[in-house]
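The structure file run_37.cif is reproduced below (mmCIF, C-alpha atoms).
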```
data_target
#
loop_
_atom_site.label_atom_id
_atom_site.label_comp_id
_atom_site.auth_asym_id
_atom_site.auth_seq_id
_atom_site.Cartn_x
_atom_site.Cartn_y
_atom_site.Cartn_z
CA MET A 127 0.00 0.00 0.00
CA VAL A 128 1.19 3.51 -0.84
CA LEU A 129 -0.04 6.70 0.82
CA ARG A 130 0.76 9.89 -1.10
CA VAL A 131 1.27 12.84 1.23
CA GLY A 132 1.88 16.55 0.81
CA LEU A 133 4.06 18.67 3.12
CA ILE A 134 3.44 22.40 2.85
CA GLN A 135 6.27 24.73 3.81
CA MET A 136 4.53 28.07 3.44
CA ALA A 137 5.45 31.69 3.94
CA VAL A 138 3.59 33.14 6.93
CA GLY A 139 3.20 36.88 7.33
CA SER A 140 1.36 39.34 9.53
CA CYS A 141 -1.95 39.28 7.59
CA LYS A 142 -4.12 36.37 8.69
CA LYS A 143 -6.37 36.60 5.62
CA THR A 144 -3.36 36.36 3.29
CA ASN A 145 -1.96 33.43 5.27
CA LEU A 146 -5.24 31.52 4.96
CA GLN A 147 -5.52 32.26 1.24
CA ASN A 148 -1.96 31.01 0.75
CA ALA A 149 -2.67 27.84 2.73
CA VAL A 150 -5.71 27.08 0.58
CA LYS A 151 -3.73 27.66 -2.61
CA LEU A 152 -0.90 25.36 -1.52
CA ILE A 153 -3.30 22.64 -0.34
CA LYS A 154 -4.73 22.60 -3.86
CA GLN A 155 -1.23 22.32 -5.33
CA ALA A 156 -0.57 19.25 -3.20
CA SER A 157 -3.96 17.76 -4.05
CA ASP A 158 -3.41 18.36 -7.76
CA GLN A 159 -0.28 16.19 -7.45
CA GLY A 160 -2.29 13.36 -5.95
CA ALA A 161 -1.73 13.86 -2.22
CA LYS A 162 -4.39 12.22 -0.04
CA LEU A 163 -3.03 13.62 3.23
CA VAL A 164 -1.69 17.18 3.48
CA THR A 165 0.15 18.79 6.39
CA LEU A 166 0.39 22.51 7.07
CA PRO A 167 3.12 24.05 9.27
CA GLU A 168 2.97 25.11 12.89
CA CYS A 169 1.34 28.55 13.25
CA PHE A 170 0.24 28.75 9.62
CA ASN A 171 -2.21 31.60 10.22
CA SER A 172 -0.03 33.67 12.53
CA PRO A 173 3.56 34.81 12.95
CA TYR A 174 5.26 32.56 15.49
CA GLY A 175 5.96 34.30 18.78
CA THR A 176 4.51 34.70 22.26
CA GLN A 177 3.72 38.34 21.47
CA PHE A 178 1.40 37.26 18.62
CA PHE A 179 -0.55 34.35 20.10
CA ALA A 180 -3.26 36.34 21.91
CA GLU A 181 -3.83 38.70 18.97
CA TYR A 182 -4.25 35.90 16.42
CA ALA A 183 -6.02 33.39 18.66
CA GLU A 184 -9.41 31.99 17.62
CA ASN A 185 -12.00 29.66 18.98
CA ILE A 186 -12.38 26.28 17.28
CA PRO A 187 -14.48 26.16 15.21
CA GLY A 188 -13.64 29.61 13.87
CA ASN A 189 -12.58 31.35 10.69
CA SER A 190 -9.23 29.60 10.26
CA SER A 191 -10.49 26.11 11.01
CA SER A 192 -13.56 26.61 8.81
CA THR A 193 -11.37 27.80 5.93
CA ILE A 194 -9.22 24.69 6.09
CA ALA A 195 -12.26 22.45 6.53
CA ASN A 196 -13.63 23.81 3.26
CA ALA A 197 -10.26 23.23 1.55
CA ALA A 198 -10.26 19.60 2.74
CA LYS A 199 -13.72 19.03 1.31
CA GLU A 200 -13.09 20.88 -1.97
CA ASN A 201 -9.85 19.00 -2.61
CA ASN A 202 -10.96 15.62 -1.21
CA VAL A 203 -7.95 15.39 1.12
CA HIS A 204 -7.32 14.76 4.79
CA ILE A 205 -5.54 17.75 6.34
CA ILE A 206 -3.35 17.99 9.42
CA ALA A 207 -3.76 21.73 9.84
CA GLY A 208 -0.38 22.50 11.36
CA SER A 209 -1.39 24.66 14.28
CA ILE A 210 -3.09 27.89 15.18
CA PRO A 211 -3.27 29.82 18.44
CA GLU A 212 -6.52 28.58 19.99
CA ARG A 213 -8.55 30.49 22.57
CA GLU A 214 -10.78 28.60 24.98
CA GLY A 215 -12.08 30.74 27.81
CA ASP A 216 -9.12 32.37 29.49
CA ASN A 217 -6.60 29.89 28.08
CA LEU A 218 -4.55 29.89 24.90
CA TYR A 219 -3.26 26.71 23.27
CA ASN A 220 -1.09 25.85 20.28
CA THR A 221 -3.56 23.58 18.51
CA CYS A 222 -3.63 21.36 15.44
CA CYS A 223 -6.98 20.65 13.79
CA ILE A 224 -7.36 17.42 11.81
CA PHE A 225 -9.94 17.20 9.03
CA ASP A 226 -11.11 14.29 6.94
CA ASN A 227 -11.64 14.53 3.19
CA LYS A 228 -15.27 15.56 3.72
CA GLY A 229 -14.21 18.61 5.69
CA GLU A 230 -15.24 17.19 9.06
CA LEU A 231 -13.14 18.05 12.11
CA ILE A 232 -12.18 14.61 13.40
CA ASP A 233 -9.78 15.58 16.20
CA THR A 234 -7.51 18.27 17.63
CA HIS A 235 -4.06 18.08 19.17
CA ARG A 236 -2.97 20.70 21.66
CA LYS A 237 0.81 20.96 21.93
CA VAL A 238 1.68 18.89 24.99
CA HIS A 239 5.28 19.97 25.57
CA LEU A 240 5.67 23.75 25.57
CA PHE A 241 8.81 25.23 24.04
CA ASP A 242 10.65 26.69 27.03
CA ILE A 243 14.39 26.93 26.41
CA ASP A 244 17.32 29.18 27.25
CA ILE A 245 20.50 28.81 25.22
CA PRO A 246 22.77 31.68 26.39
CA GLY A 247 23.84 33.98 23.60
CA LYS A 248 21.59 32.26 21.05
CA ILE A 249 17.89 31.94 21.90
CA THR A 250 15.56 32.24 24.86
CA PHE A 251 11.90 31.37 24.34
CA LYS A 252 9.12 30.47 26.77
CA GLU A 253 5.77 29.45 25.33
CA SER A 254 4.49 28.80 28.86
CA GLU A 255 4.41 32.56 29.50
CA VAL A 256 1.34 32.67 27.24
CA LEU A 257 0.20 29.15 26.36
CA SER A 258 -1.35 26.31 28.30
CA ALA A 259 -0.26 22.74 27.56
CA GLY A 260 -2.36 20.00 26.05
CA THR A 261 -2.93 16.87 28.08
CA LYS A 262 -3.29 14.03 25.56
CA GLY A 263 -1.84 12.43 22.49
CA THR A 264 -3.80 12.37 19.24
CA MET A 265 -4.17 9.63 16.63
CA PHE A 266 -6.42 9.22 13.62
CA ASP A 267 -6.79 6.98 10.55
CA VAL A 268 -6.42 7.60 6.82
CA ASP A 269 -7.41 4.55 4.76
CA SER A 270 -6.82 2.34 7.82
CA VAL A 271 -3.32 3.82 8.33
CA LYS A 272 -2.94 5.05 11.91
CA ILE A 273 -1.22 8.41 12.23
CA GLY A 274 0.09 10.02 15.42
CA VAL A 275 0.35 13.80 15.71
CA GLY A 276 2.66 16.05 17.73
CA ILE A 277 3.60 19.70 17.41
CA CYS A 278 7.23 20.84 17.15
CA TYR A 279 8.75 20.43 20.65
CA ASP A 280 6.67 17.26 21.14
CA ILE A 281 9.16 15.50 18.86
CA ARG A 282 11.87 15.70 21.54
CA PHE A 283 9.90 13.41 23.84
CA PRO A 284 10.16 9.79 22.66
CA GLU A 285 7.52 8.65 25.16
CA LEU A 286 4.77 10.23 23.07
CA ALA A 287 6.02 8.54 19.90
CA TRP A 288 6.30 5.21 21.75
CA LYS A 289 2.68 5.54 22.86
CA TYR A 290 1.61 6.06 19.24
CA ARG A 291 3.68 3.08 18.09
CA ARG A 292 2.19 0.82 20.76
CA GLU A 293 -1.26 1.86 19.60
CA GLY A 294 -0.51 0.92 15.99
CA ALA A 295 0.83 4.10 14.38
CA LYS A 296 2.65 3.79 11.08
CA VAL A 297 3.18 7.51 10.48
CA LEU A 298 4.22 10.23 12.94
CA VAL A 299 3.58 13.85 11.93
CA TYR A 300 5.08 16.90 13.62
CA PRO A 301 4.24 20.33 12.23
CA GLY A 302 7.05 22.45 13.68
CA ALA A 303 8.90 25.75 13.63
CA PHE A 304 12.40 24.94 14.82
CA ASN A 305 14.72 27.95 14.80
CA LEU A 306 18.12 28.47 13.19
CA THR A 307 19.96 27.26 16.30
CA THR A 308 18.05 24.08 17.17
CA GLY A 309 17.00 23.42 13.58
CA ALA A 310 20.54 23.21 12.26
CA ALA A 311 21.59 21.04 15.20
CA HIS A 312 18.65 18.70 15.79
CA TRP A 313 15.74 18.94 13.32
CA ALA A 314 16.75 16.12 10.98
CA LYS A 315 18.39 14.05 13.73
CA LEU A 316 15.22 14.00 15.83
CA GLN A 317 13.11 12.91 12.89
CA ILE A 318 15.50 10.10 12.04
CA ALA A 319 15.64 9.06 15.70
CA ARG A 320 11.84 8.87 16.03
CA ALA A 321 11.65 6.95 12.73
CA LEU A 322 14.24 4.39 13.86
CA ASP A 323 12.96 4.12 17.46
CA ASN A 324 9.46 3.34 16.31
CA GLN A 325 9.94 1.95 12.79
CA CYS A 326 7.51 4.56 11.50
CA PHE A 327 7.47 7.16 8.77
CA VAL A 328 8.06 10.63 10.21
CA MET A 329 6.90 13.83 8.49
CA THR A 330 7.37 17.48 9.38
CA ALA A 331 6.08 20.76 7.95
CA SER A 332 7.75 24.06 8.86
CA PRO A 333 6.96 27.65 8.01
CA ALA A 334 9.26 29.04 5.33
CA ARG A 335 12.15 31.13 6.64
CA ASP A 336 11.66 34.89 6.80
CA MET A 337 14.72 36.79 7.97
CA ASN A 338 12.61 39.96 8.30
CA ALA A 339 10.37 38.30 10.90
CA THR A 340 11.02 38.37 14.64
CA TYR A 341 11.41 34.56 14.69
CA HIS A 342 13.46 32.78 12.05
CA ALA A 343 12.17 29.30 11.21
CA TRP A 344 14.64 26.68 10.03
CA GLY A 345 12.43 25.32 7.25
CA HIS A 346 13.66 22.02 5.81
CA SER A 347 10.33 20.21 5.99
CA MET A 348 10.94 16.53 5.30
CA ALA A 349 9.75 12.95 5.29
CA VAL A 350 11.82 10.09 6.72
CA ASN A 351 11.16 6.37 6.27
CA SER A 352 11.36 3.58 8.83
CA TRP A 353 14.95 2.81 7.80
CA GLY A 354 15.97 6.36 8.73
CA GLU A 355 16.35 7.54 5.14
CA ILE A 356 15.26 11.06 4.19
CA LEU A 357 12.75 10.67 1.35
CA CYS A 358 12.39 14.38 0.59
CA GLU A 359 13.52 17.67 2.08
CA ALA A 360 12.69 21.29 1.38
CA ASP A 361 15.18 24.14 1.55
CA ALA A 362 14.34 27.30 3.51
CA GLY A 363 11.78 28.95 1.20
CA GLU A 364 8.17 28.25 0.38
CA GLU A 365 7.74 24.80 -1.15
CA VAL A 366 5.24 21.99 -1.54
CA LEU A 367 6.67 18.48 -1.18
CA VAL A 368 4.68 15.48 -2.39
CA VAL A 369 5.99 12.00 -1.63
CA ASP A 370 4.75 8.40 -1.58
CA LEU A 371 4.96 6.48 1.68
CA ASP A 372 5.44 2.78 0.88
CA LEU A 373 3.72 1.10 3.82
CA ASP A 374 4.86 -2.34 2.63
CA SER A 375 8.49 -1.32 3.14
CA LEU A 376 7.64 -0.33 6.71
CA GLU A 377 6.19 -3.77 7.39
CA GLU A 378 9.32 -5.36 5.93
CA THR A 379 11.51 -3.32 8.28
CA ARG A 380 9.40 -4.34 11.27
CA LYS A 381 9.57 -8.00 10.23
CA ASN A 382 13.33 -7.99 9.69
CA ILE A 383 14.16 -6.11 12.92
CA PRO A 384 11.27 -7.02 15.27
CA ILE A 385 12.06 -4.62 18.10
CA SER A 386 8.41 -4.28 19.13
CA LYS A 387 8.48 -7.98 20.10
CA GLN A 388 11.92 -7.85 21.72
CA ARG A 389 11.41 -5.14 24.31
CA MET A 390 12.30 -6.03 27.93
CA PRO A 391 10.20 -3.57 29.94
CA GLU A 392 11.08 -5.31 33.19
CA CYS A 393 14.66 -4.07 32.67
CA TYR A 394 13.81 -0.47 31.95
#
```

Write-out of the structure in structure tokens:
Amino acid sequence: MVLRVGLIQMAVGSCKKTNLQNAVKLIKQASDQGAKLVTLPECFNSPYGTQFFAEYAENIPGNSSSTIANAAKENNVHIIAGSIPEREGDNLYNTCCIFDNKGELIDTHRKVHLFDIDIPGKITFKESEVLSAGTKGTMFDVDSVKIGVGICYDIRFPELAWKYRREGAKVLVYPGAFNLTTGAAHWAKLQIARALDNQCFVMTASPARDMNATYHAWGHSMAVNSWGEILCEADAGEEVLVVDLDLDSLEETRKNIPISKQRMPECY
């Protein structure tokens, strides 16, 4: 079985309306190339930054989620809608909406692990100053293929990926906006690690890099197979990647190296 997927690395600016129009246009480009599952980047409707989250936040359902729901239906694709700042009562979340190919909202994933880091002389960032954390993992099916979803910093925590693998995931998807420091050092390595740890495909979608913005995304959206090979990779600019995930090759890897049957939890 082959699942054709689209990874959208899109330019994100200060105008929400323009961002949404661009997302819809790029979703169609991926669909026109045969993608059945399309992933948008983290914060696709808003500049990334704690100073922007409250201003751009919406309830779900709301304008941004409804726009992407319509795009899913019109293009007959499942969409992992990266993330948007979500408002619920007094709380803000970094939230991914997941739509089926009929435009129905089938689940949401609120970023579980908030991006709080301090690398002296390079970058300090604390999402927890503004955002609340999600409290659950999120999985859904496309054509009987189970897919686990995380957002950006969630990829650094193998426990979440292990949970998805135990529950039958074959694909792990992490919309993310790594920066120039952590992106150069860890972006690809983390994806390869999660792919090898769990014998899953791993996919990421980043905003395109904008050196005039206050936050500089690394870009380099990619897909990695269960053997740890990079199947496709964007550069830093806006780009739509479309790639086939050969699920039979995944099963072969799991058969040849049966780590899921060889675990010794009593030793861990």

Answer key for the PyMOL selection byres ((chain A and resi 385-392) around 10), residues as a VMD selection string | chain A and resid 291 to 292 323 to 325 379 to 384 393 to 394

Please save C-alpha atoms of the selected residues as a PDB file, keeping the file's coordinate frame.
```
ATOM      1  CA  ARG A 291       3.680   3.080  18.090  1.00  0.00           C
ATOM      2  CA  ARG A 292       2.190   0.820  20.760  1.00  0.00           C
ATOM      3  CA  ASP A 323      12.960   4.120  17.460  1.00  0.00           C
ATOM      4  CA  ASN A 324       9.460   3.340  16.310  1.00  0.00           C
ATOM      5  CA  GLN A 325       9.940   1.950  12.790  1.00  0.00           C
ATOM      6  CA  THR A 379      11.510  -3.320   8.280  1.00  0.00           C
ATOM      7  CA  ARG A 380       9.400  -4.340  11.270  1.00  0.00           C
ATOM      8  CA  LYS A 381       9.570  -8.000  10.230  1.00  0.00           C
ATOM      9  CA  ASN A 382      13.330  -7.990   9.690  1.00  0.00           C
ATOM     10  CA  ILE A 383      14.160  -6.110  12.920  1.00  0.00           C
ATOM     11  CA  PRO A 384      11.270  -7.020  15.270  1.00  0.00           C
ATOM     12  CA  CYS A 393      14.660  -4.070  32.670  1.00  0.00           C
ATOM     13  CA  TYR A 394      13.810  -0.470  31.950  1.00  0.00           C
TER      14      TYR A 394
END
```

Contacts of His342 of chain A at 9 Å or less, counting all atoms listed in the file, minus same-chain residues fewer than 6 places along, as a list of chain:residue names?
-> A:Tyr174, A:Ala303, A:Phe304, A:Asn305, A:Leu306, A:Ala334, A:Arg335, A:Asp336

If you keep C-alpha atoms, can you produce a file of those selected residues as a tab-separated table (two decimals), keeping the file's coordinate frame?
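Wrote result.tsv, looks like this:
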```tsv
chain	number	residue	atom	x	y	z
A	174	TYR	CA	5.26	32.56	15.49
A	303	ALA	CA	8.90	25.75	13.63
A	304	PHE	CA	12.40	24.94	14.82
A	305	ASN	CA	14.72	27.95	14.80
A	306	LEU	CA	18.12	28.47	13.19
A	334	ALA	CA	9.26	29.04	5.33
A	335	ARG	CA	12.15	31.13	6.64
A	336	ASP	CA	11.66	34.89	6.80
```

Exercise: residues within 7 Å of coordinate (-6.8, 21.6, 5.0), counting all atoms listed in the file, as a compact mmCIF listing (two decimals) with C-alpha atoms, keeping the file's coordinate frame:
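Output below, filename point_21.txt:
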```txt
# COMPACT_ATOMS: atom_id res chain seq x y z
CA ILE A 153 -3.30 22.64 -0.34
CA VAL A 164 -1.69 17.18 3.48
CA ILE A 194 -9.22 24.69 6.09
CA ALA A 195 -12.26 22.45 6.53
CA ALA A 197 -10.26 23.23 1.55
CA ALA A 198 -10.26 19.60 2.74
CA HIS A 204 -7.32 14.76 4.79
CA ILE A 205 -5.54 17.75 6.34
CA ILE A 206 -3.35 17.99 9.42
CA ALA A 207 -3.76 21.73 9.84
CA PHE A 225 -9.94 17.20 9.03
```

If you apply the PyMOL selection byres ((chain A and resi 219) around 9) to this file, what residues do you get, as a list in words?
-> Phe179, Ala183, Ile210, Pro211, Glu212, Arg213, Glu214, Asn217, Leu218, Asn220, Thr221, Arg236, Lys237, Val256, Leu257, Ser258, Ala259 and Gly260 of chain A

Gly354 of chain A surroundings by all atoms listed in the file, 8 Å radius, close-in-sequence under 3 positions cut, as a compact mmCIF listing (two decimals) with C-alpha atoms, in the coordinates of the input:
```
# COMPACT_ATOMS: atom_id res chain seq x y z
CA ILE A 318 15.50 10.10 12.04
CA ALA A 319 15.64 9.06 15.70
CA ALA A 321 11.65 6.95 12.73
CA LEU A 322 14.24 4.39 13.86
CA VAL A 350 11.82 10.09 6.72
CA ASN A 351 11.16 6.37 6.27
```

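Using all atoms listed in the file for every distance, the candidate list A:Ser352, A:Thr234, A:Gln135, A:Asn202 yields A:Ser352 as the residue closest to Asp374 of chain A.
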
Starting from the PyMOL selection byres ((chain A and resi 250) around 12), expand the selection into actual residues of this file and give them as a compact mmCIF listing (two decimals) with C-alpha atoms, in the coordinates of the input.
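Saved the output as out18.txt:
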```txt
# COMPACT_ATOMS: atom_id res chain seq x y z
CA GLY A 175 5.96 34.30 18.78
CA THR A 176 4.51 34.70 22.26
CA PHE A 241 8.81 25.23 24.04
CA ASP A 242 10.65 26.69 27.03
CA ILE A 243 14.39 26.93 26.41
CA ASP A 244 17.32 29.18 27.25
CA ILE A 245 20.50 28.81 25.22
CA PRO A 246 22.77 31.68 26.39
CA GLY A 247 23.84 33.98 23.60
CA LYS A 248 21.59 32.26 21.05
CA ILE A 249 17.89 31.94 21.90
CA PHE A 251 11.90 31.37 24.34
CA LYS A 252 9.12 30.47 26.77
CA GLU A 253 5.77 29.45 25.33
CA ASN A 305 14.72 27.95 14.80
CA THR A 307 19.96 27.26 16.30
CA THR A 308 18.05 24.08 17.17
CA TYR A 341 11.41 34.56 14.69
```

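Interatomic distance, atom CA of Lys142 of chain A to atom CA of Glu184 of chain A: 11.3 Å.
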
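Distance check against Val369 of chain A using all atoms listed in the file: of A:Leu166, A:Ala156, A:Val297, A:Ala137, the minimum falls on A:Ala156.
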